[in-house]
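Visitor: Provided below: final-v1.cif, containing mmCIF, C-alpha atoms.
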```cif
data_protein
#
loop_
_atom_site.label_atom_id
_atom_site.label_comp_id
_atom_site.auth_asym_id
_atom_site.auth_seq_id
_atom_site.Cartn_x
_atom_site.Cartn_y
_atom_site.Cartn_z
CA MET W 1 101.57 94.03 75.76
CA LYS W 2 100.99 90.95 77.87
CA LEU W 3 100.92 91.82 81.57
CA GLU W 4 101.07 89.46 84.55
CA THR W 5 98.63 90.76 87.15
CA HIS W 6 99.49 88.46 90.08
CA CYS W 7 103.13 87.64 90.87
CA HIS W 8 104.93 87.15 94.19
CA THR W 9 108.59 88.13 94.33
CA PHE W 10 111.38 86.32 96.13
CA GLY W 11 111.75 86.47 99.91
CA THR W 12 108.47 88.15 100.73
CA SER W 13 106.57 85.14 102.09
CA SER W 14 106.98 81.47 102.87
CA CYS W 15 105.39 80.50 99.56
CA ALA W 16 107.30 82.75 97.13
CA ASP W 17 110.41 80.67 96.44
CA THR W 18 111.57 81.76 92.95
CA LYS W 19 114.48 84.17 92.66
CA ASN W 20 113.65 87.43 90.95
CA GLU W 21 116.04 86.94 88.03
CA ILE W 22 114.37 83.61 87.22
CA ILE W 23 110.89 85.15 87.42
CA ILE W 24 111.89 87.88 84.99
CA GLU W 25 113.56 85.42 82.62
CA LYS W 26 110.47 83.20 82.53
CA TYR W 27 108.17 86.11 81.71
CA LEU W 28 110.47 87.45 79.02
CA LYS W 29 110.56 84.03 77.36
CA ALA W 30 106.77 83.88 77.54
CA GLY W 31 106.51 87.17 75.68
CA TYR W 32 105.27 89.35 78.55
CA GLY W 33 106.07 93.05 78.50
CA GLY W 34 105.15 93.74 82.12
CA ILE W 35 104.69 92.22 85.57
CA VAL W 36 102.72 93.47 88.57
CA ALA W 37 104.54 92.53 91.79
CA THR W 38 101.73 91.68 94.18
CA ASN W 39 103.25 90.56 97.44
CA HIS W 40 101.25 89.44 100.45
CA PHE W 41 100.32 91.85 103.21
CA SER W 42 99.18 89.47 105.92
CA VAL W 43 99.98 88.97 109.60
CA HIS W 44 102.26 86.07 108.62
CA ALA W 45 104.23 88.01 106.00
CA TYR W 46 104.35 91.16 108.09
CA ASN W 47 105.76 89.44 111.18
CA GLY W 48 107.91 86.83 109.48
CA TYR W 49 109.27 88.37 106.29
CA PHE W 50 109.27 92.17 106.56
CA PRO W 51 112.46 93.19 108.43
CA GLY W 52 112.10 95.91 111.04
CA ALA W 53 110.99 96.47 114.61
CA THR W 54 108.42 99.21 113.98
CA HIS W 55 105.46 99.45 111.65
CA LYS W 56 107.26 102.08 109.57
CA GLU W 57 110.33 99.87 109.23
CA LYS W 58 108.22 96.92 108.11
CA VAL W 59 106.38 98.98 105.50
CA ASP W 60 109.72 100.35 104.31
CA SER W 61 110.84 96.74 103.87
CA PHE W 62 107.72 95.88 101.89
CA PHE W 63 108.51 98.66 99.42
CA ALA W 64 112.22 97.79 99.37
CA PHE W 65 111.30 94.36 97.96
CA ILE W 66 109.27 96.08 95.24
CA ASP W 67 112.04 98.55 94.43
CA GLU W 68 114.56 95.73 94.11
CA PHE W 69 112.34 93.79 91.72
CA SER W 70 111.48 96.90 89.70
CA ALA W 71 115.16 97.78 89.25
CA MET W 72 115.89 94.28 87.96
CA CYS W 73 112.99 94.50 85.49
CA LYS W 74 114.21 97.85 84.22
CA GLU W 75 117.63 96.36 83.41
CA VAL W 76 116.07 94.03 80.83
CA ASN W 77 113.38 96.41 79.54
CA ILE W 78 110.33 94.76 81.09
CA LYS W 79 107.83 97.07 82.77
CA ALA W 80 107.32 96.66 86.50
CA PHE W 81 104.17 97.69 88.35
CA TRP W 82 103.13 96.95 91.91
CA GLY W 83 100.06 96.11 93.92
CA VAL W 84 99.39 94.38 97.21
CA GLU W 85 97.46 91.24 98.18
CA VAL W 86 95.82 91.98 101.52
CA ARG W 87 94.49 89.24 103.77
CA THR W 88 91.54 90.72 105.63
CA PRO W 89 90.32 89.55 109.07
CA PHE W 90 88.19 86.40 108.95
CA PRO W 91 87.42 83.63 111.46
CA LYS W 92 90.42 81.43 112.27
CA GLU W 93 88.94 78.45 110.45
CA VAL W 94 88.98 80.39 107.17
CA SER W 95 92.28 80.77 105.35
CA GLY W 96 93.43 82.80 102.40
CA THR W 97 90.61 85.32 101.91
CA GLU W 98 92.51 88.08 100.17
CA PHE W 99 91.96 91.21 98.15
CA MET W 100 94.28 92.72 95.56
CA VAL W 101 94.73 96.47 95.51
CA TYR W 102 96.34 98.50 92.72
CA GLY W 103 97.03 102.22 92.79
CA LEU W 104 96.86 102.93 96.53
CA ASP W 105 99.17 105.77 97.56
CA LYS W 106 102.09 104.56 99.66
CA LYS W 107 101.22 106.93 102.50
CA TYR W 108 98.17 104.85 103.44
CA PHE W 109 100.36 101.83 104.16
CA TYR W 110 101.92 103.72 107.06
CA ASP W 111 98.64 104.55 108.86
CA LYS W 112 97.97 101.03 110.15
CA PRO W 113 98.59 97.54 108.80
CA LEU W 114 96.29 96.92 105.83
CA PHE W 115 95.41 93.46 107.15
CA LEU W 116 93.53 95.14 110.03
CA TYR W 117 90.99 96.65 107.64
CA SER W 118 87.71 94.84 107.07
CA GLN W 119 86.69 94.25 103.47
CA GLN W 120 84.30 97.19 103.61
CA GLU W 121 86.88 99.50 105.19
CA LEU W 122 89.50 98.57 102.60
CA PHE W 123 87.02 99.12 99.77
CA GLU W 124 85.99 102.52 101.15
CA LEU W 125 89.66 103.52 101.28
CA CYS W 126 90.07 102.45 97.66
CA GLU W 127 86.94 104.34 96.63
CA LYS W 128 88.18 107.48 98.38
CA THR W 129 91.61 107.34 96.75
CA GLY W 130 90.73 106.00 93.30
CA ALA W 131 92.48 102.66 93.84
CA PHE W 132 91.22 99.39 92.35
CA MET W 133 90.32 96.41 94.55
CA TYR W 134 89.39 92.87 93.59
CA GLN W 135 89.17 89.54 95.39
CA THR W 136 91.76 86.95 94.45
CA HIS W 137 90.79 83.27 93.97
CA PRO W 138 87.36 83.81 95.61
CA PHE W 139 86.27 80.17 95.34
CA ARG W 140 89.52 78.41 96.18
CA ARG W 141 89.15 75.75 98.87
CA GLY W 142 89.38 77.38 102.30
CA VAL W 143 88.37 80.81 100.99
CA VAL W 144 85.13 82.69 101.58
CA ALA W 145 83.83 84.85 98.74
CA GLY W 146 83.52 88.43 99.93
CA ASP W 147 80.59 90.80 99.62
CA PRO W 148 80.40 91.80 95.94
CA ASN W 149 79.14 95.23 96.96
CA PHE W 150 82.56 96.02 98.44
CA MET W 151 84.90 95.14 95.58
CA HIS W 152 85.39 96.36 92.04
CA GLY W 153 86.18 92.96 90.60
CA ALA W 154 87.27 89.41 91.29
CA GLU W 155 89.79 86.96 89.89
CA ALA W 156 87.72 85.08 87.35
CA PHE W 157 90.77 82.97 86.49
CA ASN W 158 93.58 82.03 88.88
CA GLY W 159 96.29 79.83 87.42
CA HIS W 160 98.09 78.60 90.55
CA TYR W 161 98.25 74.86 89.91
CA HIS W 162 98.62 73.85 93.58
CA HIS W 163 95.00 74.77 94.27
CA PRO W 164 91.48 73.86 93.13
CA ASN W 165 90.48 77.42 92.23
CA ASN W 166 87.01 76.66 90.84
CA ASN W 167 87.47 79.28 88.16
CA GLU W 168 84.18 78.52 86.46
CA ILE W 169 82.32 79.46 89.66
CA ALA W 170 84.39 82.63 89.96
CA GLN W 171 83.50 83.62 86.40
CA LYS W 172 79.80 83.10 87.12
CA PHE W 173 80.16 85.16 90.33
CA CYS W 174 81.66 88.05 88.35
CA LYS W 175 78.97 87.98 85.70
CA GLU W 176 76.10 87.76 88.18
CA ASN W 177 77.44 90.75 90.12
CA SER W 178 78.74 92.84 87.19
CA LEU W 179 82.27 92.66 88.58
CA ILE W 180 85.42 93.30 86.57
CA GLU W 181 86.92 89.93 85.62
CA MET W 182 90.62 89.66 86.42
CA SER W 183 93.04 86.90 85.40
CA GLY W 184 96.36 86.11 87.07
CA THR W 185 98.90 83.30 87.23
CA ASP W 186 99.45 83.80 90.98
CA PHE W 187 103.11 83.03 90.35
CA HIS W 188 105.20 81.60 93.22
CA HIS W 189 107.23 78.55 92.14
CA VAL W 190 110.09 77.99 89.73
CA ASP W 191 108.34 75.12 87.91
CA GLN W 192 105.04 76.97 87.68
CA PRO W 193 103.66 77.51 84.17
CA ILE W 194 102.57 81.03 83.26
CA THR W 195 98.88 80.69 82.51
CA ALA W 196 97.24 84.09 82.82
CA GLY W 197 97.31 87.86 82.75
CA ILE W 198 95.82 90.61 80.60
CA ILE W 199 96.70 92.36 77.37
CA ILE W 200 96.88 96.15 77.64
CA PRO W 201 98.26 99.03 75.55
CA ASP W 202 102.05 99.00 75.63
CA ASP W 203 102.26 102.69 76.50
CA VAL W 204 100.85 102.26 80.02
CA LYS W 205 103.49 103.79 82.27
CA ASP W 206 102.30 103.59 85.87
CA GLU W 207 99.78 102.13 88.30
CA SER W 208 97.38 105.06 87.89
CA GLN W 209 97.10 104.45 84.14
CA LEU W 210 96.81 100.71 84.71
CA VAL W 211 93.91 101.22 87.12
CA GLN W 212 92.04 103.33 84.57
CA ILE W 213 92.57 100.76 81.81
CA ILE W 214 91.18 98.03 84.05
CA LYS W 215 88.26 100.03 85.42
CA ASN W 216 87.30 100.96 81.87
CA ARG W 217 87.63 97.26 80.89
CA GLU W 218 89.98 98.18 78.06
CA TYR W 219 91.93 94.94 78.14
CA THR W 220 91.79 91.33 77.01
CA SER W 221 92.16 88.45 79.44
CA ILE W 222 94.71 85.66 79.08
CA ARG W 223 93.38 82.36 80.46
CA ASP W 224 95.19 79.10 79.71
CA GLU W 225 92.63 76.84 81.34
CA GLN W 226 93.96 73.67 79.71
CA THR W 227 97.49 74.07 81.05
CA TYR W 228 96.15 74.96 84.50
CA ILE W 229 93.99 71.82 84.63
CA GLU W 230 96.78 69.58 83.31
CA GLU W 231 99.32 70.92 85.80
CA TYR W 232 96.86 70.80 88.70
CA THR W 233 96.05 67.16 87.90
CA ARG W 234 99.75 66.28 87.63
CA TYR W 235 100.51 68.02 90.92
CA ARG W 236 97.68 66.30 92.81
CA ASN W 237 98.65 62.88 91.44
CA SER W 238 102.22 63.38 92.60
CA ARG W 239 101.22 64.11 96.21
#
```
Output the file's structure in the form of structure tokens.

Guide:
Amino acid sequence: MKLETHCHTFGTSSCADTKNEIIIEKYLKAGYGGIVATNHFSVHAYNGYFPGATHKEKVDSFFAFIDEFSAMCKEVNIKAFWGVEVRTPFPKEVSGTEFMVYGLDKKYFYDKPLFLYSQQELFELCEKTGAFMYQTHPFRRGVVAGDPNFMHGAEAFNGHYHHPNNNEIAQKFCKENSLIEMSGTDFHHVDQPITAGIIIPDDVKDESQLVQIIKNREYTSIRDEQTYIEEYTRYRNSR
């Protein structure tokens, strides 16, 4: 089945503006059998979009968004998985340096905010627990590529048409460092074309199985480079 690996659901950040029912409809029409909800876990999202006064309440809210989206997917027979896009601490002049994590047990979210972990600390947590961690859009403008020794993979193709993602450099980075090459649409906006994902066995049932499929590289990437370039060019010319 075709699986979206990078999708932000409605109401979880300032940039995710597409209602969940529209997201699901778009992916069904595009022939996808599954979606990974990968909402931001950053200072901005945590303080501005996760309801609650305490850390526990905010983490509960993060998972409530996932549960809501998953229930809606189940109604129309599309598989829902979840991950988290963590923005790690970097100098103030650097924006958007983020790492995707799949398969991390929910209990670790309650220890301390994930955005307080350094890249190395987050990777060590993933190694200890069997989770999978990769850097998203590592060569997007305003992003610093992380240390390849402290990640399992990187997004070799990011299809978000609002950004110059420099995917060709990301692909070279993956190959030079023997990193797992991920591909994701980075879906946020209602007019955004679906350009990426992976193809996996259709009997994958949960995040644990998904992590093993990816770590074993038992998947095929979806990369619609032409549509991404065309839409990026159109978007920049309209600004």

Visitor: How close does each residue of segment 102-160 of chain W get to segment 169-186 of chain W, giving the shortest atom pair and distance in Å to one decimal for every residue with an atom at most 8 Å away, counting all atoms listed in the file, sorted by chain and residue number, as a Markdown table?

Guide:
```
| residue | atom | partner | partner_atom | distance |
| --- | --- | --- | --- | --- |
| W:Tyr134 | CA | W:Met182 | CA | 8.0 |
| W:His137 | CA | W:Ala170 | CA | 7.6 |
| W:Pro138 | CA | W:Ala170 | CA | 6.5 |
| W:Phe139 | CA | W:Ala170 | CA | 6.2 |
| W:Pro148 | CA | W:Asn177 | CA | 6.6 |
| W:Met151 | CA | W:Leu179 | CA | 7.9 |
| W:His152 | CA | W:Leu179 | CA | 5.9 |
| W:Gly153 | CA | W:Ile180 | CA | 4.1 |
| W:Ala154 | CA | W:Glu181 | CA | 5.7 |
| W:Glu155 | CA | W:Met182 | CA | 4.5 |
| W:Ala156 | CA | W:Gln171 | CA | 4.6 |
| W:Phe157 | CA | W:Ser183 | CA | 4.7 |
| W:Asn158 | CA | W:Gly184 | CA | 5.3 |
| W:Gly159 | CA | W:Thr185 | CA | 4.3 |
| W:His160 | CA | W:Asp186 | CA | 5.4 |
```

Visitor: Name the residues captured by the PyMOL selection byres ((chain W and resi 48) around 12) when it is applied to the shown file; answer as number ranges by chain.

Guide: W: 11-14, 40-47, 49-53, 58, 61-62

Visitor: Could you write out as a PDB file with C-alpha atoms, keeping the file's coordinate frame the residues that the PyMOL selection byres ((chain W and resi 99) around 6) matches in the shown file?

Guide:
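That gives us selection31.pdb:
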```pdb
ATOM      1  CA  GLU W  85      97.460  91.240  98.180  1.00  0.00           C
ATOM      2  CA  VAL W  86      95.820  91.980 101.520  1.00  0.00           C
ATOM      3  CA  GLU W  98      92.510  88.080 100.170  1.00  0.00           C
ATOM      4  CA  MET W 100      94.280  92.720  95.560  1.00  0.00           C
ATOM      5  CA  TYR W 134      89.390  92.870  93.590  1.00  0.00           C
ATOM      6  CA  GLN W 135      89.170  89.540  95.390  1.00  0.00           C
ATOM      7  CA  THR W 136      91.760  86.950  94.450  1.00  0.00           C
TER       8      THR W 136
END
```

Visitor: Applied to this file, what does the PyMOL selection byres ((chain W and resi 105-110) around 10) return in terms of residues, put as a PyMOL selection string?

Guide: chain W and resi 55-60+62-63+102-104+111-114+125-126+129-131+207-208

Visitor: Would you work out the distance separating atom CA of Glu225 of chain W from atom CA of Arg140 of chain W, expressed in Å to one decimal?

Guide: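 If I compute the distance from atom CA of Glu225 of chain W to atom CA of Arg140 of chain W, I get 15.2 Å.
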
Visitor: Per residue of segment 27-87 of chain W within 12 Å of segment 196-205 of chain W, note the shortest atom pair and the distance in Å to one decimal, counting all atoms listed in the file, and order the rows by chain and increasing residue number, as a tab-separated table.

Guide:
```
residue	atom	partner	partner_atom	distance
W:Tyr27	CA	W:Gly197	CA	11.0
W:Ala30	CA	W:Ala196	CA	10.9
W:Gly31	CA	W:Ile199	CA	11.2
W:Tyr32	CA	W:Gly197	CA	9.1
W:Gly33	CA	W:Asp202	CA	7.7
W:Gly34	CA	W:Asp202	CA	8.9
W:Ile35	CA	W:Gly197	CA	9.0
W:Val36	CA	W:Gly197	CA	9.7
W:Ile78	CA	W:Asp202	CA	10.8
W:Lys79	CA	W:Lys205	CA	8.0
W:Ala80	CA	W:Lys205	CA	9.1
W:Phe81	CA	W:Lys205	CA	8.6
W:Trp82	CA	W:Lys205	CA	11.8
```

Visitor: Under the rule that only C-alpha atoms are counted, which of W:Val143, W:Leu210, W:Asn165, W:Phe187 is the nearest residue to Ile229 of chain W?

Guide: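 Among the listed residues, the smallest separation from Ile229 of chain W belongs to W:Asn165.
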
Visitor: Nearest to Cys15 of chain W: which of W:Val211, W:Thr227, W:Asn216, W:His189 is it, counting all atoms listed in the file?

Guide: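 Of W:Val211, W:Thr227, W:Asn216, W:His189, the one nearest Cys15 of chain W is W:His189, counting all atoms listed in the file.
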
Visitor: What gap, in Å, lies between atom CA of Pro193 of chain W and atom CA of Asp224 of chain W?

Guide: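 Pair atom CA of Pro193 of chain W / atom CA of Asp224 of chain W returns 9.7 Å.
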
Visitor: With distances taken over all atoms listed in the file, which residue among W:Asn39, W:Gly142, W:Gln212, W:Val84 lies nearest His8 of chain W?

Guide: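 Distance minimum relative to His8 of chain W lands on W:Asn39.
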
Visitor: To one decimal in Å, tell me the separation between atom CA of Asn237 of chain W and atom CA of Pro164 of chain W.

Guide: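 These two atoms are separated by 13.2 Å.
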
Visitor: Which residue out of W:Ser70, W:Thr233, W:Gln192, W:Gln119 has the minimum interatomic distance to Val101 of chain W when all atoms listed in the file are used?

Guide: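 Of all the options, W:Gln119 lies closest to Val101 of chain W.
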
Visitor: When distances are computed from only C-alpha atoms, which of W:Met133, W:Cys73, W:Ala64, W:Val144 shows the smallest separation from Asn20 of chain W?

Guide: W:Cys73

Visitor: My list of candidates is W:Ala37, W:Ile214, W:Ile222, W:Ile24. Which is closest to Asp67 of chain W when distances are computed with all atoms listed in the file?

Guide: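 Checking each of W:Ala37, W:Ile214, W:Ile222, W:Ile24 against Asp67 of chain W, counting all atoms listed in the file, the winner is W:Ala37.
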
Visitor: Export segment 55-91 of chain W, N, CA and C atoms, as a CSV table (one decimal), in the first residue's frame; it's the structure right above.

Guide:
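The result, written out as decode22.csv:
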```
chain,number,residue,atom,x,y,z
W,55,HIS,N,2.3,20.0,32.0
W,55,HIS,CA,2.9,19.2,30.9
W,55,HIS,C,2.1,17.9,30.6
W,56,LYS,N,1.6,17.3,31.6
W,56,LYS,CA,0.8,16.1,31.3
W,56,LYS,C,-0.5,16.4,30.5
W,57,GLU,N,-1.1,17.5,30.8
W,57,GLU,CA,-2.3,17.9,30.1
W,57,GLU,C,-2.0,18.3,28.6
W,58,LYS,N,-0.8,18.9,28.4
W,58,LYS,CA,-0.4,19.2,27.0
W,58,LYS,C,-0.1,18.0,26.2
W,59,VAL,N,0.6,17.0,26.8
W,59,VAL,CA,0.9,15.7,26.1
W,59,VAL,C,-0.4,15.0,25.9
W,60,ASP,N,-1.3,15.0,26.8
W,60,ASP,CA,-2.6,14.4,26.6
W,60,ASP,C,-3.3,15.0,25.4
W,61,SER,N,-3.2,16.3,25.2
W,61,SER,CA,-3.8,17.0,24.1
W,61,SER,C,-3.1,16.6,22.8
W,62,PHE,N,-1.8,16.4,22.8
W,62,PHE,CA,-1.1,16.0,21.6
W,62,PHE,C,-1.6,14.6,21.1
W,63,PHE,N,-1.9,13.7,22.1
W,63,PHE,CA,-2.4,12.4,21.7
W,63,PHE,C,-3.9,12.4,21.4
W,64,ALA,N,-4.6,13.4,21.9
W,64,ALA,CA,-6.0,13.5,21.6
W,64,ALA,C,-6.2,13.9,20.1
W,65,PHE,N,-5.3,14.8,19.6
W,65,PHE,CA,-5.3,15.1,18.2
W,65,PHE,C,-5.1,13.9,17.3
W,66,ILE,N,-4.2,13.0,17.7
W,66,ILE,CA,-3.9,11.8,17.0
W,66,ILE,C,-5.1,10.9,17.0
W,67,ASP,N,-5.6,10.7,18.2
W,67,ASP,CA,-6.8,9.8,18.4
W,67,ASP,C,-8.0,10.2,17.5
W,68,GLU,N,-8.2,11.5,17.5
W,68,GLU,CA,-9.3,12.1,16.6
W,68,GLU,C,-9.1,11.7,15.2
W,69,PHE,N,-7.9,12.0,14.7
W,69,PHE,CA,-7.5,11.7,13.3
W,69,PHE,C,-7.6,10.2,13.0
W,70,SER,N,-7.1,9.4,13.9
W,70,SER,CA,-7.1,8.0,13.7
W,70,SER,C,-8.5,7.4,13.6
W,71,ALA,N,-9.4,7.9,14.4
W,71,ALA,CA,-10.8,7.5,14.4
W,71,ALA,C,-11.5,7.8,13.1
W,72,MET,N,-11.2,9.0,12.6
W,72,MET,CA,-11.7,9.4,11.3
W,72,MET,C,-11.2,8.6,10.1
W,73,CYS,N,-9.9,8.2,10.2
W,73,CYS,CA,-9.4,7.3,9.2
W,73,CYS,C,-10.0,5.9,9.2
W,74,LYS,N,-10.2,5.4,10.4
W,74,LYS,CA,-10.8,4.1,10.6
W,74,LYS,C,-12.2,4.0,9.9
W,75,GLU,N,-13.0,5.1,10.0
W,75,GLU,CA,-14.3,5.2,9.5
W,75,GLU,C,-14.4,4.9,8.0
W,76,VAL,N,-13.3,5.3,7.3
W,76,VAL,CA,-13.3,5.1,5.8
W,76,VAL,C,-12.2,4.1,5.4
W,77,ASN,N,-11.8,3.3,6.3
W,77,ASN,CA,-10.9,2.1,6.0
W,77,ASN,C,-9.6,2.6,5.4
W,78,ILE,N,-9.0,3.6,6.0
W,78,ILE,CA,-7.6,4.0,5.7
W,78,ILE,C,-6.8,3.8,7.0
W,79,LYS,N,-5.6,3.2,6.9
W,79,LYS,CA,-4.8,2.9,8.1
W,79,LYS,C,-4.2,4.2,8.6
W,80,ALA,N,-4.2,4.4,9.9
W,80,ALA,CA,-3.6,5.6,10.5
W,80,ALA,C,-2.5,5.1,11.5
W,81,PHE,N,-1.4,5.7,11.3
W,81,PHE,CA,-0.2,5.5,12.2
W,81,PHE,C,0.2,6.9,12.7
W,82,TRP,N,1.1,6.9,13.7
W,82,TRP,CA,1.5,8.2,14.2
W,82,TRP,C,3.0,8.3,14.5
W,83,GLY,N,3.5,9.5,14.4
W,83,GLY,CA,4.9,9.8,14.7
W,83,GLY,C,4.9,11.1,15.3
W,84,VAL,N,6.1,11.7,15.4
W,84,VAL,CA,6.2,13.1,16.0
W,84,VAL,C,7.4,13.8,15.4
W,85,GLU,N,7.2,15.0,15.0
W,85,GLU,CA,8.3,15.8,14.4
W,85,GLU,C,8.8,16.8,15.5
W,86,VAL,N,10.0,16.5,16.0
W,86,VAL,CA,10.6,17.2,17.2
W,86,VAL,C,11.5,18.2,16.7
W,87,ARG,N,11.3,19.4,17.2
W,87,ARG,CA,12.3,20.5,16.9
W,87,ARG,C,13.3,20.6,18.0
W,88,THR,N,14.5,20.2,17.8
W,88,THR,CA,15.6,20.2,18.8
W,88,THR,C,16.2,21.6,19.0
W,89,PRO,N,16.8,21.8,20.2
W,89,PRO,CA,17.4,23.1,20.5
W,89,PRO,C,18.6,23.4,19.5
W,90,PHE,N,18.5,24.6,18.9
W,90,PHE,CA,19.5,25.1,18.0
W,90,PHE,C,19.6,26.6,18.3
W,91,PRO,N,20.7,27.3,17.9
W,91,PRO,CA,20.8,28.7,18.0
W,91,PRO,C,19.6,29.5,17.5
```
